[in-house]
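> Sharing input06.txt here; it has compact mmCIF, C-alpha atoms.
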```txt
# COMPACT_ATOMS: atom_id res chain seq x y z
CA MET A 1 -0.38 -129.44 49.15
CA THR A 2 1.10 -127.08 46.56
CA VAL A 3 4.89 -126.77 46.68
CA ASP A 4 7.23 -124.66 44.59
CA ALA A 5 9.41 -127.62 43.59
CA SER A 6 11.85 -125.79 41.36
CA SER A 7 12.68 -123.04 43.81
CA ILE A 8 13.14 -125.19 46.88
CA ALA A 9 15.07 -127.87 44.98
CA SER A 10 17.57 -125.27 43.84
CA SER A 11 18.06 -123.82 47.32
CA PRO A 12 21.62 -124.29 48.60
CA ALA A 13 20.32 -124.72 52.14
CA LEU A 14 17.54 -127.21 51.46
CA ALA A 15 18.41 -128.79 48.17
CA GLY A 16 21.27 -131.11 49.13
CA SER A 17 21.14 -133.69 46.33
CA THR A 18 19.74 -132.74 42.94
CA GLU A 19 18.37 -136.29 42.63
CA PRO A 20 14.59 -136.59 43.04
CA MET A 21 14.95 -138.69 46.19
CA ASP A 22 14.86 -137.54 49.80
CA THR A 23 16.63 -139.11 52.76
CA ALA A 24 13.73 -141.38 53.64
CA ALA A 25 13.23 -142.55 50.06
CA ALA A 26 16.95 -143.17 49.73
CA TYR A 27 16.59 -145.77 52.50
CA ARG A 28 13.60 -147.52 50.96
CA ALA A 29 14.05 -147.59 47.18
CA PRO A 30 14.18 -151.28 46.11
CA GLY A 31 16.33 -152.55 43.30
CA ARG A 32 18.68 -150.62 41.10
CA ALA A 33 17.96 -147.05 40.16
CA SER A 34 16.61 -146.60 36.66
CA SER A 35 18.94 -145.05 34.11
CA SER A 36 16.07 -143.00 32.72
CA PRO A 37 15.40 -139.59 34.27
CA ARG A 38 12.64 -139.44 36.86
CA LEU A 39 10.19 -136.62 37.31
CA ILE A 40 9.26 -135.37 40.76
CA SER A 41 5.63 -136.05 41.59
CA GLN A 42 3.74 -133.74 43.94
CA THR A 43 3.88 -136.42 46.64
CA ALA A 44 7.62 -136.97 46.21
CA THR A 45 8.22 -133.22 46.25
CA GLY A 46 6.37 -132.96 49.56
CA ARG A 47 8.56 -135.67 51.08
CA LEU A 48 11.70 -134.05 49.78
CA ASN A 49 10.82 -130.59 51.03
CA ARG A 50 9.80 -131.74 54.49
CA VAL A 51 13.07 -133.62 55.03
CA ARG A 52 15.12 -130.69 53.74
CA LEU A 53 13.26 -128.16 55.84
CA LEU A 54 13.78 -130.33 58.91
CA GLN A 55 17.49 -130.57 58.14
CA LEU A 56 17.65 -126.80 57.78
CA LEU A 57 16.10 -126.41 61.24
CA TYR A 58 18.61 -128.84 62.72
CA ASP A 59 21.39 -126.87 61.04
CA VAL A 60 20.38 -123.35 62.08
CA GLY A 61 18.13 -123.82 65.10
CA PRO A 62 14.71 -122.21 65.74
CA ALA A 63 13.81 -119.85 62.89
CA SER A 64 10.78 -117.90 61.75
CA ARG A 65 8.99 -118.56 58.50
CA ALA A 66 10.59 -115.44 57.04
CA GLU A 67 14.07 -116.58 58.06
CA LEU A 68 13.49 -120.06 56.67
CA ALA A 69 12.20 -118.58 53.41
CA ARG A 70 15.30 -116.38 53.14
CA LEU A 71 17.69 -119.26 53.84
CA ALA A 72 15.89 -121.59 51.43
CA GLU A 73 15.45 -118.86 48.82
CA VAL A 74 11.71 -119.49 48.52
CA THR A 75 8.58 -117.55 49.45
CA LYS A 76 6.96 -117.51 52.89
CA THR A 77 3.92 -119.11 51.28
CA THR A 78 6.04 -122.06 50.17
CA ILE A 79 7.54 -122.42 53.65
CA GLY A 80 4.09 -122.22 55.19
CA SER A 81 2.77 -125.01 52.99
CA ILE A 82 5.62 -127.25 54.12
CA VAL A 83 5.57 -126.28 57.80
CA GLN A 84 1.84 -126.46 58.51
CA PRO A 85 1.35 -130.23 58.04
CA MET A 86 4.34 -130.81 60.33
CA ILE A 87 2.79 -128.53 62.96
CA ASP A 88 -0.54 -130.33 62.60
CA ALA A 89 1.26 -133.66 63.10
CA GLY A 90 2.91 -132.42 66.31
CA ILE A 91 6.42 -132.59 64.85
CA LEU A 92 6.98 -128.82 64.76
CA VAL A 93 5.68 -126.09 67.04
CA GLU A 94 5.51 -122.31 66.95
CA ARG A 95 7.36 -120.77 69.87
CA GLU A 96 6.40 -117.60 71.69
CA PRO A 97 6.76 -114.44 69.54
CA ARG A 98 10.09 -112.69 69.60
CA GLN A 99 10.32 -109.07 70.58
CA SER A 100 9.58 -106.72 67.70
CA SER A 101 12.49 -104.94 66.07
CA VAL A 102 13.03 -101.19 66.40
CA PHE A 103 11.27 -100.86 63.04
CA GLY A 104 8.07 -102.35 64.44
CA GLY A 105 6.03 -104.93 62.60
CA LYS A 106 4.41 -108.17 63.71
CA PRO A 107 6.63 -110.17 66.11
CA ALA A 108 8.10 -113.30 64.49
CA ARG A 109 7.28 -116.72 65.93
CA PRO A 110 10.21 -119.15 65.60
CA ILE A 111 9.49 -122.64 64.30
CA TRP A 112 11.17 -125.50 66.16
CA LEU A 113 10.88 -129.20 66.93
CA SER A 114 8.11 -129.91 69.38
CA PRO A 115 9.44 -131.03 72.79
CA LEU A 116 6.02 -132.59 73.39
CA GLY A 117 5.91 -134.47 70.08
CA ARG A 118 5.77 -138.26 69.98
CA PRO A 119 9.20 -139.69 70.83
CA ILE A 120 11.18 -142.28 68.89
CA VAL A 121 12.73 -145.55 70.04
CA ALA A 122 16.31 -145.93 68.82
CA VAL A 123 18.24 -149.21 68.97
CA HIS A 124 21.84 -150.18 68.25
CA VAL A 125 22.48 -153.91 67.86
CA GLY A 126 26.14 -154.91 67.96
CA PRO A 127 27.76 -158.36 67.69
CA GLY A 128 26.87 -159.22 71.30
CA SER A 129 25.10 -156.23 72.75
CA VAL A 130 22.04 -154.05 72.36
CA ARG A 131 21.41 -150.46 73.41
CA ALA A 132 18.01 -148.82 73.32
CA ALA A 133 16.98 -145.24 73.96
CA LEU A 134 13.87 -143.11 73.90
CA VAL A 135 14.71 -140.02 71.87
CA SER A 136 12.78 -136.77 71.62
CA LEU A 137 12.28 -134.94 68.33
CA THR A 138 14.92 -132.45 69.45
CA GLY A 139 17.54 -135.22 69.71
CA THR A 140 17.48 -135.51 73.50
CA ILE A 141 17.84 -139.02 74.94
CA ARG A 142 15.12 -139.33 77.59
CA SER A 143 15.85 -142.84 78.80
CA HIS A 144 18.41 -145.52 78.08
CA SER A 145 18.77 -149.29 78.45
CA SER A 146 21.35 -151.91 77.48
CA ALA A 147 21.81 -155.68 77.54
CA ARG A 148 24.16 -158.36 76.28
CA PHE A 149 23.69 -161.66 74.46
CA SER A 150 25.92 -164.25 72.85
CA GLY A 151 26.23 -163.81 69.11
CA THR A 152 27.71 -167.30 68.81
CA ARG A 153 25.63 -169.36 71.24
CA SER A 154 22.27 -167.68 71.88
CA SER A 155 19.25 -168.80 69.86
CA GLN A 156 17.63 -166.27 67.57
CA ARG A 157 14.49 -166.41 69.70
CA SER A 158 16.42 -165.50 72.85
CA ILE A 159 18.19 -162.69 70.98
CA ILE A 160 14.83 -161.25 69.91
CA ASP A 161 13.64 -161.55 73.52
CA THR A 162 16.71 -159.67 74.74
CA ILE A 163 16.35 -156.87 72.18
CA ALA A 164 12.59 -156.55 72.77
CA ALA A 165 13.04 -156.44 76.55
CA CYS A 166 15.68 -153.75 76.17
CA VAL A 167 13.29 -151.70 74.04
CA GLU A 168 10.40 -152.25 76.45
CA ASP A 169 12.55 -150.82 79.26
CA VAL A 170 12.53 -147.41 77.55
CA LEU A 171 8.97 -147.33 76.23
CA PRO A 172 6.91 -144.51 77.74
CA GLY A 173 3.77 -145.57 79.52
CA ASN A 174 1.51 -142.76 78.36
CA GLU A 175 2.41 -142.12 74.72
CA LYS A 176 2.94 -144.21 71.60
CA PRO A 177 6.32 -143.65 69.91
CA LEU A 178 6.51 -142.78 66.22
CA GLY A 179 8.37 -146.03 65.64
CA VAL A 180 11.58 -147.95 66.21
CA GLY A 181 14.81 -147.33 64.33
CA VAL A 182 17.51 -150.01 64.49
CA ALA A 183 21.19 -149.67 63.59
CA VAL A 184 22.77 -153.09 63.00
CA GLY A 185 26.49 -153.81 63.10
CA GLY A 186 26.34 -156.07 60.07
CA MET A 187 25.00 -156.44 56.55
CA VAL A 188 21.26 -155.80 56.27
CA ASP A 189 18.47 -156.04 53.73
CA THR A 190 16.55 -152.82 54.30
CA ASP A 191 13.70 -153.79 51.98
CA ARG A 192 12.75 -156.79 54.12
CA GLY A 193 14.14 -155.61 57.45
CA HIS A 194 16.37 -158.68 57.73
CA ILE A 195 19.94 -159.04 58.97
CA VAL A 196 21.89 -160.71 56.15
CA ALA A 197 25.20 -161.47 57.88
CA VAL A 198 27.23 -160.49 60.94
CA ASN A 199 30.65 -162.14 60.78
CA LEU A 200 31.36 -161.47 64.45
CA ALA A 201 27.98 -162.84 65.56
CA PRO A 202 26.79 -165.61 63.22
CA ARG A 203 23.62 -166.17 65.29
CA LEU A 204 22.37 -162.82 64.00
CA SER A 205 22.81 -163.83 60.36
CA GLY A 206 19.49 -164.36 58.61
CA LEU A 207 17.47 -162.94 61.51
CA ALA A 208 14.21 -161.28 60.39
CA LEU A 209 14.70 -158.65 63.07
CA GLY A 210 12.48 -155.92 61.61
CA PRO A 211 9.27 -157.96 61.12
CA LEU A 212 9.72 -159.95 64.36
CA LEU A 213 10.39 -156.88 66.47
CA SER A 214 7.51 -154.98 64.87
CA ARG A 215 5.12 -157.84 65.61
CA ARG A 216 6.36 -158.09 69.19
CA LEU A 217 6.13 -154.35 69.95
CA GLY A 218 3.18 -153.35 67.77
CA LEU A 219 5.25 -150.52 66.27
CA PRO A 220 6.75 -149.86 62.82
CA VAL A 221 10.44 -150.79 62.70
CA GLN A 222 13.07 -149.36 60.34
CA LEU A 223 16.34 -151.27 60.02
CA ASP A 224 19.65 -150.23 58.49
CA LEU A 225 23.42 -150.66 58.58
CA HIS A 226 25.18 -149.15 61.61
CA PRO A 227 27.65 -146.90 59.71
CA ARG A 228 24.86 -145.59 57.46
CA VAL A 229 22.65 -144.78 60.44
CA GLN A 230 25.67 -143.27 62.17
CA ALA A 231 26.19 -141.00 59.16
CA LEU A 232 22.57 -139.89 59.39
CA GLY A 233 23.14 -139.09 63.06
CA ASP A 234 26.23 -137.07 62.17
CA ARG A 235 24.29 -135.19 59.50
CA TRP A 236 21.24 -134.37 61.60
CA PHE A 237 22.61 -134.11 65.13
CA GLY A 238 26.41 -134.28 65.14
CA LEU A 239 29.63 -132.99 63.60
CA GLY A 240 28.19 -133.22 60.07
CA ARG A 241 25.48 -130.62 60.67
CA GLY A 242 25.70 -127.99 57.97
CA VAL A 243 28.21 -130.08 55.95
CA SER A 244 26.92 -131.17 52.55
CA SER A 245 29.39 -134.00 51.87
CA PHE A 246 31.45 -136.12 54.28
CA ALA A 247 32.36 -139.67 55.24
CA SER A 248 31.38 -141.19 58.58
CA VAL A 249 33.77 -144.02 59.49
CA TYR A 250 33.63 -146.57 62.33
CA CYS A 251 36.84 -148.31 63.45
CA GLY A 252 36.77 -150.89 66.23
CA GLU A 253 35.94 -154.58 66.24
CA ALA A 254 35.00 -154.04 62.58
CA ILE A 255 35.30 -151.25 60.01
CA GLY A 256 32.44 -149.59 58.19
CA ALA A 257 31.80 -146.27 56.48
CA GLU A 258 29.03 -144.34 54.84
CA PHE A 259 28.92 -141.21 52.76
CA VAL A 260 26.76 -138.13 52.79
CA ILE A 261 26.85 -136.76 49.26
CA ASP A 262 25.27 -133.37 48.59
CA GLY A 263 23.29 -133.67 51.82
CA THR A 264 21.93 -137.17 51.17
CA VAL A 265 23.04 -140.39 52.86
CA HIS A 266 24.09 -142.77 50.10
CA ARG A 267 22.88 -146.35 49.97
CA GLY A 268 22.87 -149.11 47.41
CA ALA A 269 19.98 -151.34 46.39
CA SER A 270 18.24 -152.98 49.37
CA GLY A 271 20.75 -151.39 51.72
CA ALA A 272 23.94 -152.60 50.03
CA GLY A 273 27.18 -150.71 50.51
CA GLY A 274 29.11 -149.39 53.47
CA GLU A 275 31.18 -152.57 53.85
CA VAL A 276 34.46 -150.75 53.27
CA GLY A 277 36.21 -152.98 55.79
CA HIS A 278 36.11 -155.66 53.12
CA THR A 279 37.81 -153.65 50.43
CA VAL A 280 41.11 -155.36 49.65
CA VAL A 281 44.28 -153.47 50.61
CA ASP A 282 46.77 -156.36 50.35
CA LEU A 283 46.35 -159.15 47.79
CA GLY A 284 48.80 -161.31 49.73
CA GLY A 285 47.47 -160.41 53.15
CA ALA A 286 45.84 -162.45 55.89
CA VAL A 287 42.55 -164.28 55.41
CA CYS A 288 39.62 -162.18 56.57
CA ARG A 289 36.53 -163.39 58.47
CA CYS A 290 34.61 -162.95 55.21
CA GLY A 291 36.83 -165.59 53.57
CA ARG A 292 38.75 -163.28 51.27
CA ARG A 293 42.36 -162.29 51.68
CA GLY A 294 43.84 -158.89 52.56
CA CYS A 295 40.70 -156.92 53.52
CA TRP A 296 41.16 -153.60 55.32
CA GLU A 297 39.73 -155.26 58.44
CA THR A 298 42.70 -157.66 58.53
CA ILE A 299 45.09 -154.79 59.37
CA ALA A 300 43.08 -152.20 61.28
CA THR A 301 40.61 -153.79 63.72
CA HIS A 302 40.83 -155.00 67.33
CA THR A 303 41.77 -158.48 66.13
CA TRP A 304 44.82 -157.24 64.23
CA LEU A 305 45.84 -154.81 66.98
CA ARG A 306 45.73 -157.44 69.72
CA GLN A 307 47.59 -160.00 67.64
CA ALA A 308 50.29 -157.43 66.88
CA ALA A 309 50.42 -156.38 70.54
CA ALA A 310 50.80 -160.00 71.64
CA ALA A 311 53.61 -160.51 69.13
CA ALA A 312 55.34 -157.46 70.61
CA GLN A 313 54.70 -158.87 74.12
CA LEU A 314 52.87 -155.75 75.25
CA PRO A 315 50.99 -155.99 78.57
CA GLY A 316 47.23 -156.42 78.33
CA ALA A 317 47.46 -157.41 74.66
CA ARG A 318 44.33 -159.60 74.73
CA SER A 319 42.03 -156.63 75.47
CA LEU A 320 44.08 -153.74 74.13
CA THR A 321 42.45 -150.83 72.32
CA ALA A 322 43.81 -147.57 70.92
CA GLY A 323 43.51 -145.72 74.23
CA GLY A 324 45.49 -148.36 76.11
CA LEU A 325 48.10 -148.50 73.37
CA LEU A 326 48.59 -144.74 73.58
CA ALA A 327 49.02 -144.98 77.36
CA LEU A 328 51.76 -147.58 76.92
CA ALA A 329 53.50 -145.44 74.30
CA GLU A 330 53.36 -142.35 76.51
CA ALA A 331 54.77 -144.41 79.39
CA GLY A 332 57.91 -144.92 77.30
CA SER A 333 57.33 -148.24 75.50
CA LYS A 334 59.09 -148.06 72.14
CA ASP A 335 57.25 -151.16 70.92
CA ALA A 336 53.92 -149.55 71.79
CA ASP A 337 54.93 -146.33 70.06
CA GLU A 338 55.92 -148.21 66.92
CA LEU A 339 52.64 -150.17 66.96
CA LEU A 340 50.64 -146.97 67.46
CA ASN A 341 52.21 -145.52 64.32
CA ARG A 342 51.56 -148.74 62.37
CA TYR A 343 47.95 -148.71 63.50
CA ALA A 344 47.55 -145.11 62.31
CA ARG A 345 49.09 -145.95 58.92
CA ASN A 346 46.84 -149.00 58.54
CA ILE A 347 43.72 -146.95 59.23
CA ALA A 348 44.99 -144.29 56.82
CA VAL A 349 45.37 -146.83 53.99
CA GLY A 350 41.63 -147.32 53.79
CA LEU A 351 40.85 -143.64 54.26
CA VAL A 352 43.18 -142.76 51.39
CA ASN A 353 41.30 -145.20 49.14
CA LEU A 354 38.00 -143.56 50.09
CA GLN A 355 39.47 -140.13 49.49
CA GLN A 356 40.85 -141.07 46.09
CA THR A 357 37.46 -142.49 45.08
CA LEU A 358 34.88 -139.97 46.37
CA ALA A 359 37.02 -137.12 47.76
CA PRO A 360 34.91 -136.20 50.82
CA ASP A 361 35.99 -132.93 52.38
CA LEU A 362 35.54 -134.32 55.88
CA PHE A 363 36.11 -137.66 57.62
CA ILE A 364 34.32 -138.13 60.95
CA LEU A 365 35.91 -141.07 62.77
CA HIS A 366 34.01 -143.08 65.40
CA GLY A 367 34.78 -146.12 67.55
CA ASP A 368 37.21 -146.67 70.38
CA ILE A 369 40.06 -145.18 68.33
CA VAL A 370 38.80 -141.75 69.42
CA GLN A 371 39.87 -142.57 72.99
CA ALA A 372 43.48 -142.15 71.85
CA GLY A 373 42.69 -138.48 71.31
CA GLU A 374 44.54 -135.80 69.42
CA VAL A 375 47.87 -137.64 69.30
CA PHE A 376 46.38 -140.55 67.38
CA ARG A 377 44.18 -138.34 65.21
CA ALA A 378 47.24 -136.35 64.14
CA LEU A 379 49.12 -139.56 63.26
CA ILE A 380 46.22 -140.76 61.09
CA GLU A 381 45.93 -137.35 59.45
CA GLN A 382 49.66 -137.23 58.68
CA ALA A 383 49.53 -140.71 57.13
CA VAL A 384 46.47 -139.80 55.03
CA TYR A 385 48.01 -136.60 53.74
CA SER A 386 51.22 -138.36 52.77
CA GLY A 387 49.27 -141.05 50.89
CA ILE A 388 47.00 -138.84 48.80
CA ALA A 389 48.01 -138.23 45.22
CA PRO A 390 48.08 -134.60 44.02
CA ARG A 391 44.55 -133.36 43.40
CA PRO A 392 42.55 -130.15 43.10
CA GLY A 393 41.50 -128.55 46.36
CA GLY A 394 42.97 -128.93 49.81
CA GLU A 395 43.38 -132.00 51.98
CA PRO A 396 40.31 -133.44 53.70
CA GLU A 397 39.66 -132.60 57.33
CA ILE A 398 39.90 -135.55 59.71
CA ILE A 399 38.14 -135.25 63.06
CA PHE A 400 37.28 -137.58 65.92
CA ALA A 401 33.76 -137.91 67.26
CA LYS A 402 33.32 -137.58 71.00
CA PRO A 403 34.12 -140.72 73.01
CA GLU A 404 30.98 -142.74 73.73
CA ASP A 405 28.89 -140.63 71.38
CA ASP A 406 25.30 -141.60 70.62
CA MET A 407 25.29 -140.95 66.86
CA ALA A 408 24.11 -144.48 66.03
CA LEU A 409 21.10 -144.06 68.34
CA LEU A 410 20.36 -140.53 67.17
CA GLY A 411 20.69 -141.63 63.55
CA ALA A 412 18.25 -144.46 64.20
CA ALA A 413 15.82 -141.85 65.51
CA GLY A 414 16.42 -139.78 62.38
CA LEU A 415 15.63 -142.83 60.26
CA VAL A 416 12.20 -143.15 61.88
CA LEU A 417 11.57 -139.42 61.69
CA SER A 418 12.32 -139.45 57.96
CA GLU A 419 9.77 -142.21 57.49
CA SER A 420 7.22 -140.32 59.58
CA LEU A 421 7.64 -137.20 57.46
CA ASP A 422 7.01 -139.35 54.42
CA GLN A 423 3.59 -140.29 55.74
CA LEU A 424 2.28 -136.71 56.00
CA ALA A 425 -0.31 -135.66 53.46
```
Turn the structure described in the file into structure tokens.

Amino acid sequence: MTVDASSIASSPALAGSTEPMDTAAAYRAPGRASSSPRLISQTATGRLNRVRLLQLLYDVGPASRAELARLAEVTKTTIGSIVQPMIDAGILVEREPRQSSVFGGKPARPIWLSPLGRPIVAVHVGPGSVRAALVSLTGTIRSHSSARFSGTRSSQRSIIDTIAACVEDVLPGNEKPLGVGVAVGGMVDTDRGHIVAVNLAPRLSGLALGPLLSRRLGLPVQLDLHPRVQALGDRWFGLGRGVSSFASVYCGEAIGAEFVIDGTVHRGASGAGGEVGHTVVDLGGAVCRCGRRGCWETIATHTWLRQAAAAAQLPGARSLTAGGLLALAEAGSKDADELLNRYARNIAVGLVNLQQTLAPDLFILHGDIVQAGEVFRALIEQAVYSGIAPRPGGEPEIIFAKPEDDMALLGAAGLVLSESLDQLA
């Protein structure tokens, strides 16, 4: 396949990162990146262009070859050479021709994701729960299943059985999925498909989830860190569509974040990075589950919130979350109102550090904190703005994802789709 690498790589719509690495490759590259410049092979260029064209479609919706060529600032021939293998693979489809314009000419046929293409199995494994979904190429969840397990008592074999059974509940009977994408709420080794450590669920630590699940299901399995997969979901299907650089942050029982930089989800060697909850914000602070002292997680997770609520003798402290805390504050509890403000400031401390380091223009916040709505979002935003040192440009935008959003599942589907695009000739 001949591709105009220079023109499509310089396109503002498709280019994203100027690095010679597409989204899929960014998930797989083992070891540290070489300091020497890399050239883009024809194969790598094909991978890069397919991922970028797919992202452009997700950003703008169904579009003709001519429209895609105009947006990408390349020729129709170039677009055709990228699109055709994806049509042949059943990933894209040509829709019915549009009505001709008043100037006549051949009616345009919009290109879009095939609703009949092979679906993807998406999985989110938390400290004691698993969710699975069958996702179409258009990002529609066709079926859904969930189950629970003990992350402290269950054997690894029983955990695998639970996850596999949950996946089997959503498998279609008449078609083979493209693969299985798994978002894990813990540290992972993406090269081997292993879970390295989950502090909240030690039984998951060391679990070779990817290879075991692949062997059990007879399907390829891609594994990655929950916040990183969540960021991919935001970029392809959510509030990050059309945004070249942003941070996707999860706040709940743990804290994690990932960054989309120039359109590409960042990851370290073998899947390292994203563990921002273990950045130190107080050298003299409490001991964290990781064994260090003063991590961000020690002042801004469920554990801290419930301990602080118990100390303030708030009702329901043992199971309190941001939404419940807001309800108590709005009911007139001064202690709850003070704790709500402290919680916002504690979340903001970590966000300010991220802003000072990488300066994303947008923070997309996930987790149960979004249930506290606009009041809590505004408190976090105010605390972030007051903590940022003077800098060029305006303040970052801080938005809440929708409650109970499916970005981790949709991102897991995007992970598999990226890999599938990589396999096209």
> So, counting all atoms listed in the file, which residue among A:Cys290, A:Leu328, A:Val276, A:Leu365 is closest to Gly350 (chain A)?
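Going through A:Cys290, A:Leu328, A:Val276, A:Leu365 one by one, the smallest distance to Gly350 (chain A) is for A:Val276.
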> Nearest residue to Leu362 (chain A) out of A:Arg142, A:Arg203, A:Lys76, A:Arg235, using only C-alpha atoms?
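Using only C-alpha atoms, Leu362 (chain A) sits closest to A:Arg235.
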> Could you give me, as a ChimeraX atom specification, the residues that have an atom at most 10 Å away from the point (51.1, -152.0, 80.6) in the coordinates of the file, using only C-alpha atoms?
/A:314-317,320,324-325,327-329,331,333,336
> Please dump the current selection as a PDB file, in the frame of the given file; keep C-alpha atoms.

```
ATOM      1  CA  LEU A 314      52.870-155.750  75.250  1.00  0.00           C
ATOM      2  CA  PRO A 315      50.990-155.990  78.570  1.00  0.00           C
ATOM      3  CA  GLY A 316      47.230-156.420  78.330  1.00  0.00           C
ATOM      4  CA  ALA A 317      47.460-157.410  74.660  1.00  0.00           C
ATOM      5  CA  LEU A 320      44.080-153.740  74.130  1.00  0.00           C
ATOM      6  CA  GLY A 324      45.490-148.360  76.110  1.00  0.00           C
ATOM      7  CA  LEU A 325      48.100-148.500  73.370  1.00  0.00           C
ATOM      8  CA  ALA A 327      49.020-144.980  77.360  1.00  0.00           C
ATOM      9  CA  LEU A 328      51.760-147.580  76.920  1.00  0.00           C
ATOM     10  CA  ALA A 329      53.500-145.440  74.300  1.00  0.00           C
ATOM     11  CA  ALA A 331      54.770-144.410  79.390  1.00  0.00           C
ATOM     12  CA  SER A 333      57.330-148.240  75.500  1.00  0.00           C
ATOM     13  CA  ALA A 336      53.920-149.550  71.790  1.00  0.00           C
TER      14      ALA A 336
END
```
> Excluding region 94-96 of chain A and any residue of its chain fewer than 5 positions from it, enumerate the residues within 12 Å of it, using all atoms listed in the file, and give them as a ChimeraX atom specification.
/A:62-65,80,83-84,86-88,107-115
> By how many Å are CA of Asp189 (chain A) and CA of Arg293 (chain A) apart?
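That distance, rounded to one decimal, is 24.8 Å.
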> How many Å separate CA of Pro85 (chain A) from CA of Pro172 (chain A)?
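The value is 25.0 Å.
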> List as a ChimeraX atom specification the protein and nucleic acid residues near Phe237 (chain A), meaning an atom at most 8 Å away when only C-alpha atoms are counted, but skip any in the same chain fewer than 4 places from it.
/A:58,139,233,241,407,410-411
> Go ahead and write the residues just picked, C-alpha atoms, as a compact mmCIF listing (two decimals), keeping the file's coordinate frame.

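Now in part-v5.txt:
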```
# COMPACT_ATOMS: atom_id res chain seq x y z
CA TYR A 58 18.61 -128.84 62.72
CA GLY A 139 17.54 -135.22 69.71
CA GLY A 233 23.14 -139.09 63.06
CA ARG A 241 25.48 -130.62 60.67
CA MET A 407 25.29 -140.95 66.86
CA LEU A 410 20.36 -140.53 67.17
CA GLY A 411 20.69 -141.63 63.55
```
> For a test of reading the model, state the distance in Å between CA of Pro202 (chain A) and CA of Arg289 (chain A), rounded to one decimal.
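We find that CA of Pro202 (chain A) and CA of Arg289 (chain A) lie 11.1 Å from each other.
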> Considering all atoms listed in the file, state which residue in the set A:Val180, A:Ala247, A:Thr301, A:Asn346 is at the smallest distance from Ile398 (chain A).
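Among A:Val180, A:Ala247, A:Thr301, A:Asn346, it is A:Ala247 that comes nearest to Ile398 (chain A).
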> When you count only C-alpha atoms, which of these residues is closest to Thr321 (chain A): A:Ser146, A:Gly252, A:Gly273, A:Ala378?
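Going through A:Ser146, A:Gly252, A:Gly273, A:Ala378 one by one, the smallest distance to Thr321 (chain A) is for A:Gly252.
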> For region 120-133 of chain A, work out the shell of residues within 7 Å, counting only C-alpha atoms and skipping chain neighbours fewer than 2 positions away, then give it as a compact mmCIF listing (two decimals) with C-alpha atoms, in the coordinates of the input.

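Result written to part.txt:
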```
# COMPACT_ATOMS: atom_id res chain seq x y z
CA ARG A 118 5.77 -138.26 69.98
CA VAL A 135 14.71 -140.02 71.87
CA SER A 136 12.78 -136.77 71.62
CA ILE A 141 17.84 -139.02 74.94
CA SER A 143 15.85 -142.84 78.80
CA HIS A 144 18.41 -145.52 78.08
CA SER A 145 18.77 -149.29 78.45
CA SER A 146 21.35 -151.91 77.48
CA ALA A 147 21.81 -155.68 77.54
CA ARG A 148 24.16 -158.36 76.28
CA PHE A 149 23.69 -161.66 74.46
CA SER A 150 25.92 -164.25 72.85
CA GLY A 151 26.23 -163.81 69.11
CA ILE A 163 16.35 -156.87 72.18
CA CYS A 166 15.68 -153.75 76.17
CA VAL A 167 13.29 -151.70 74.04
CA VAL A 170 12.53 -147.41 77.55
CA PRO A 177 6.32 -143.65 69.91
CA LEU A 178 6.51 -142.78 66.22
CA GLY A 179 8.37 -146.03 65.64
CA VAL A 180 11.58 -147.95 66.21
CA GLY A 181 14.81 -147.33 64.33
CA VAL A 182 17.51 -150.01 64.49
CA ALA A 183 21.19 -149.67 63.59
CA VAL A 184 22.77 -153.09 63.00
CA GLY A 185 26.49 -153.81 63.10
CA LEU A 200 31.36 -161.47 64.45
CA ALA A 201 27.98 -162.84 65.56
CA ALA A 408 24.11 -144.48 66.03
CA LEU A 409 21.10 -144.06 68.34
CA LEU A 410 20.36 -140.53 67.17
CA ALA A 412 18.25 -144.46 64.20
CA ALA A 413 15.82 -141.85 65.51
```
> Out of A:Arg153, A:Leu171, A:Glu381, A:Val74, which residue has the shortest atom-to-atom distance to Pro119 (chain A) when counting all atoms listed in the file?
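Looking at the shortest contact to Pro119 (chain A), the residue is A:Leu171.
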